[in-house]
Each structure stands twice: as C-alpha cells, then as structure tokens.
Amino acid sequence: MALAQELKALAIEIAQEAGELARRRRTEGVEIAATKSAIADIVTQADREVEALIRARLAAARPDDGFLGEESGAELGTSGVTWVVDPIDGTVNYAYGIPTYAVSIAAVVGGADPQEWDAVAGVVFNAAIGELFHAAKGGGAWLGDRALAVNPEPTAAGALLATGFGYDPATHAGDLARIARVMPMARDIRRIGAASLDLAFVAAGRLDGYFERGLQPWDHAAGALLVREAGGLVGGLPGGRPGNAMTVAAGHGLFDELLAAAVA
Ligand code: IPD
C-alpha cells in the first residue's frame with residue numbers, strides 16, 4: 001500500500017507536468033507527424049515529446065523500473081515495477097483541437113507478460129480541463145480530492161454507455177454489429193475518443209458502462225484500476241492476438257448483461 005501510494009504520487013506529479021506540456025503544444029498548433037497502422041492511428045510530434053518527458057522523469061526518479069510507452073516501446077526493468085504510459089490518449093481529438101485527451105500513467109507489477117500485470121497505481125489527467133483522476137490499489141479512486149464510485153445499477157431508462165472503434169478496418173463490421181446488440185440496453189452510446197477517459201468516466205459514474213475491442217495496455221492500465229477502485233468490474237475476453245481483447249467496464253448491476261452483448 002505504501003509503495004502504491006508512493007508510485008501514485010510520482011505519477012501525479014509527472015502527469016501534471018506532461019499534461020501542461022501537451023496543452024502548451026496544442027496552443028502552438030499541432031501537426032500529424034505520422035500515420036501508424038491505419039488512417040485513424042496517428043502520432044503528433046507532441047505525443048513523442050510528452051512521452052520522452054515522462055520517460056526521462058520516471059528514469060530519473062526510479063531507474064530500475066521497466067517502461068512500456070505507446071510511442072517509444074518497452075524496456076525491461078529489474079525492480080518488478082513497470083510503467084505503462086499513453087502520453088496523449090485521444091490523439092485524434094488532440095490533433096483536431098477537440099479538448100478531450102488525457103495523459104495516462106499506470107504502475108504495474110507482475111513480470112514481463114502484460115496478461116499477468118496487476119496495476120497498483122494509475123493516473124488519468126484530463127489535460128485540457130485539468131481534471132486529475134487517480135487511484136492506488138486498495139486506496140479507492142479519486143477525482144482530485146473527491147472519492148469516486150461507479151453507478152451500481154443502470155437507470156430504468158437504460159444505461160449511458162461509451163465505446164470505441166478498433167483501428168483495423170477488418171474489425172469494423174464486428175464493431176457495428178456489437179453496437180446493434182448493445183443498443184437496446186442503452187439510453188445512448190458515446191464515442192468519446194480516449195479510452196482512458198471512457199474508463200475514468202465509468203469510475204466517476206458519468207457513464208454506466210464502456211466496451212471496446214482491441215485496446216492496448218497503455219489505453220486501459222490506469223483507467224481499469226480507477227474503475228475497480230471505484231467499485232466496478234473490468235473484464236472481457238483475452239486477446240487471441242495482440243490488441244484483439246475485448247474490454248468491458250461497468251458497475252455490478254450492468255456488467256454481466258453488457259459483457260454478454262459485447263462478446264456475443
Ligand atoms: C486511442 C483512443 C481511442 C480508442 C483507441 C485508442 P490513442 O488511443 O483511446 O478512444 O478507441 O482504441 O487506441 O491512439 O489516441 O492514444
């Protein structure tokens with residue numbers, strides 16, 4: 001617990017500095033530096049710069065830890081702690097000037113295999129508006145100094161849900177079929193564009209649930225800890241290949257129904 005709180009404090013300090021840098025670069029104008037696996041899978045110079053800052057700060061504070069970042073890849077550590085980082089989650093929003101993007105930093109333990117990682121600290125910094133979501137394992141989930149709790153039950157009128165679409169065009173028909181299956185239980189469905197914020201919003205009770213196929217560890221590591229620490233469930237199907245897993249997050253009253261519809 002003491003270690004988790006210590007790691008969280010470090011992640012908060014670095015996420016705030018990183019978020020400030022992202023926000024400053026955004027006001028200076030952002031250009032797409034490269035397209036990665038698909039037209040929606042982009043990187044800006046700011047993504048790279050912000051990740052470099054986070055990586056340097058972590059290496060200075062905890063040189064023996066491992067690192068996995070969306071933009072700069074993985075490095076094994078020797079301490080048993082690995083940092084899992086998305087410097088700007090919601091890069092498409094960021095590039096287009098939509099103020100909904102986040103710095104996501106998680107500290108995980110449990111060896112080299114991401115399937116076995118256990119997040120012990122997680123921070124999601126909604127940088128454009130300065131909202132700081134944070135959790136340490138066993139210490140609850142927080143928005144600033146306010147304790148968070150998921151909505152335990154969806155309302156009678158249906159649940160407010162969010163989803164996202166994978167980058168691989170071959171999976172889009174499946175994404176749309178999933179939405180059609182889930183729609184009957186929903187009041188409405190959002191596509192917010194930043195998975196870490198989708199999860200943080202479930203933790204805060206702003207959304208009743210969230211489902212998406214194909215997330216990577218840096219998309220969900222911090223947000224999933226927020227949901228669990230806010231009393232919710234996160235699960236799904238393990239991926240048959242990297243990025244193929246299904247992530248579902250919701251309170252206890254909705255989780256099983258949403259999972260069944262999402263993975264049918
Ligand atoms: C993406 C966003 C998006 C989600 C994608 C993610 P990125 O992260 O979280 O909402 O649908 O699956 O890859 O590329 O903006 O860091």
# chains A, B, ... in the order shown; residues from 1 in each chain; ligands from 1
call {"tool": "select_by_dssp", "arguments": {"residues": "stretch 24-87 of chain A", "states": "strand (DSSP E or B)", "output": "JSON, numbers by chain"}}
result
{"A": [32, 33, 34, 35, 42, 43, 44, 66, 67, 68, 69, 73, 74, 75, 81, 82, 83, 84, 85, 86, 87]}
call {"tool": "write_last_selection", "arguments": {"atoms": "C-alpha atoms", "output": "tab-separated table (two decimals), in the first residue's frame"}}
result
chain	number	residue	atom	x	y	z
A	32	ILE	CA	0.22	14.94	-37.53
A	33	ALA	CA	3.78	13.59	-37.65
A	34	ALA	CA	2.94	10.10	-38.93
A	35	THR	CA	0.14	7.68	-39.62
A	42	ILE	CA	-1.78	8.81	-35.81
A	43	VAL	CA	1.06	10.34	-33.85
A	44	THR	CA	1.91	14.01	-33.42
A	66	GLY	CA	10.55	-1.08	-16.58
A	67	PHE	CA	8.69	1.04	-19.11
A	68	LEU	CA	6.12	0.49	-21.84
A	69	GLY	CA	5.04	3.54	-23.82
A	73	GLY	CA	8.20	1.00	-26.84
A	74	ALA	CA	9.31	-1.23	-24.00
A	75	GLU	CA	12.31	-1.56	-21.74
A	81	VAL	CA	7.56	-2.33	-11.32
A	82	THR	CA	6.74	-1.36	-14.93
A	83	TRP	CA	5.30	1.98	-16.01
A	84	VAL	CA	2.66	1.79	-18.73
A	85	VAL	CA	2.20	5.13	-20.45
A	86	ASP	CA	-0.01	6.74	-23.08
A	87	PRO	CA	1.38	10.28	-23.34
call {"tool": "residues_near_ligand", "arguments": {"ligand": "ligand 1", "cutoff": "8 Å", "atoms": "only C-alpha atoms and all ligand atoms", "output": "PyMOL selection string"}}
result
chain A and resi 40-43+70+86-93+101+163-167+191-198+212-216+218-219
call {"tool": "residues_around", "arguments": {"residues": "stretch 25-27 of chain A", "least_positions_apart": "5", "cutoff": "10 Å", "atoms": "only C-alpha atoms", "output": "JSON, numbers by chain"}}
result
{"A": [19, 20, 45, 46, 47, 49, 50, 94, 95, 96, 97, 99, 128]}
call {"tool": "closest_residue", "arguments": {"among": "A:Ala204, A:Ala127, A:Val150, A:Ala224", "to": "A:Leu254", "atoms": "only C-alpha atoms"}}
result
A:Val150
call {"tool": "select_by_dssp", "arguments": {"residues": "stretch 136-252 of chain A", "states": "alpha helix (DSSP H)", "output": "NGL selection string"}}
result
:A and (172-182 or 195-203 or 217-229 or 252)
call {"tool": "closest_residue", "arguments": {"among": "A:Ala112, A:Leu7, A:Ala262, A:Val30", "to": "A:Gly77", "atoms": "only C-alpha atoms"}}
result
A:Ala112
call {"tool": "residues_around", "arguments": {"residues": "A:Ala52", "least_positions_apart": "4", "cutoff": "9 Å", "atoms": "only C-alpha atoms", "output": "list in words"}}
result
Asp47, Arg48, Ala56, Arg57, Glu71, Ser72 and Pro87 of chain A
call {"tool": "write_last_selection", "arguments": {"atoms": "N, CA and C atoms", "output": "PDB file, in the first residue's frame"}}
result
ATOM      1  N   ASP A  47       2.961  13.997 -29.064  1.00  0.00           N
ATOM      2  CA  ASP A  47       2.914  12.671 -28.417  1.00  0.00           C
ATOM      3  C   ASP A  47       4.333  12.218 -28.070  1.00  0.00           C
ATOM      4  N   ARG A  48       5.226  12.371 -29.051  1.00  0.00           N
ATOM      5  CA  ARG A  48       6.612  11.890 -28.848  1.00  0.00           C
ATOM      6  C   ARG A  48       7.325  12.706 -27.772  1.00  0.00           C
ATOM      7  N   ALA A  56      11.805  10.266 -19.226  1.00  0.00           N
ATOM      8  CA  ALA A  56      13.002  10.828 -18.579  1.00  0.00           C
ATOM      9  C   ALA A  56      12.749  11.061 -17.094  1.00  0.00           C
ATOM     10  N   ARG A  57      11.564  11.588 -16.765  1.00  0.00           N
ATOM     11  CA  ARG A  57      11.251  11.853 -15.342  1.00  0.00           C
ATOM     12  C   ARG A  57      11.205  10.538 -14.553  1.00  0.00           C
ATOM     13  N   GLU A  71       4.457   5.287 -27.707  1.00  0.00           N
ATOM     14  CA  GLU A  71       5.267   5.808 -28.811  1.00  0.00           C
ATOM     15  C   GLU A  71       6.709   5.304 -28.829  1.00  0.00           C
ATOM     16  N   SER A  72       7.276   4.987 -27.651  1.00  0.00           N
ATOM     17  CA  SER A  72       8.705   4.663 -27.655  1.00  0.00           C
ATOM     18  C   SER A  72       9.012   3.228 -27.264  1.00  0.00           C
ATOM     19  N   PRO A  87       1.085   8.867 -23.610  1.00  0.00           N
ATOM     20  CA  PRO A  87       1.385  10.284 -23.337  1.00  0.00           C
ATOM     21  C   PRO A  87       0.215  11.194 -23.681  1.00  0.00           C
TER      22      PRO A  87
END
call {"tool": "closest_residue", "arguments": {"among": "A:Gly29, A:Gly111, A:Gly231, A:Gly205", "to": "A:Pro154", "atoms": "only C-alpha atoms"}}
result
A:Gly205
call {"tool": "atom_distance", "arguments": {"atom1": "atom CA of A:Phe133", "atom2": "atom CA of A:Ala260"}}
result
28.6 Å
call {"tool": "residues_around", "arguments": {"residues": "A:Asn151", "least_positions_apart": "3", "cutoff": "10 Å", "atoms": "only C-alpha atoms", "output": "list in words"}}
result
Leu148, Pro154, Thr155, Ala159, Val202, Ala203, Ala204, Gly205, Arg206, Leu207, Asp208, Gly209, Ala230, Gly231, Gly232, Ala250, Gly251, His252, Gly253 and Leu254 of chain A
call {"tool": "write_last_selection", "arguments": {"atoms": "C-alpha atoms", "output": "PDB file, in the first residue's frame"}}
result
ATOM      1  CA  LEU A 148     -15.376   8.147  -6.828  1.00  0.00           C
ATOM      2  CA  PRO A 154     -28.242   1.435 -14.715  1.00  0.00           C
ATOM      3  CA  THR A 155     -31.356   3.604 -14.612  1.00  0.00           C
ATOM      4  CA  ALA A 159     -27.586   2.906 -19.436  1.00  0.00           C
ATOM      5  CA  VAL A 202     -17.213   4.967 -15.668  1.00  0.00           C
ATOM      6  CA  ALA A 203     -15.315   5.235 -12.372  1.00  0.00           C
ATOM      7  CA  ALA A 204     -16.856   8.673 -11.778  1.00  0.00           C
ATOM      8  CA  GLY A 205     -20.399   7.493 -12.575  1.00  0.00           C
ATOM      9  CA  ARG A 206     -20.572   9.792 -15.612  1.00  0.00           C
ATOM     10  CA  LEU A 207     -21.013   6.692 -17.761  1.00  0.00           C
ATOM     11  CA  ASP A 208     -22.749   3.477 -16.715  1.00  0.00           C
ATOM     12  CA  GLY A 209     -20.511   1.304 -18.851  1.00  0.00           C
ATOM     13  CA  ALA A 230     -14.483   2.825  -7.679  1.00  0.00           C
ATOM     14  CA  GLY A 231     -16.308  -0.467  -7.080  1.00  0.00           C
ATOM     15  CA  GLY A 232     -16.783  -1.523 -10.710  1.00  0.00           C
ATOM     16  CA  ALA A 250     -19.366  -1.268 -15.658  1.00  0.00           C
ATOM     17  CA  GLY A 251     -20.923  -1.453 -12.218  1.00  0.00           C
ATOM     18  CA  HIS A 252     -22.077  -4.839 -10.867  1.00  0.00           C
ATOM     19  CA  GLY A 253     -25.711  -4.344 -11.933  1.00  0.00           C
ATOM     20  CA  LEU A 254     -24.855  -3.963 -15.599  1.00  0.00           C
TER      21      LEU A 254
END
call {"tool": "atom_distance", "arguments": {"atom1": "atom CA of A:Glu131", "atom2": "atom CA of A:Met246"}}
result
26.9 Å
call {"tool": "atom_distance", "arguments": {"atom1": "atom CA of A:Ala245", "atom2": "atom CA of A:Gln5"}}
result
29.2 Å
call {"tool": "closest_residue", "arguments": {"among": "A:His172, A:Arg228, A:Arg181, A:Arg55", "to": "A:Ala18", "atoms": "only C-alpha atoms"}}
result
A:Arg55
call {"tool": "closest_residue", "arguments": {"among": "A:Ala222, A:Leu233, A:Leu258, A:Ala162", "to": "A:Pro184", "atoms": "only C-alpha atoms"}}
result
A:Leu258
call {"tool": "residues_around", "arguments": {"residues": "A:Ala141", "least_positions_apart": "4", "cutoff": "6 Å", "atoms": "only C-alpha atoms", "output": "MDAnalysis selection string"}}
result
chainID A and resid 134:135 147:148 226 229:230
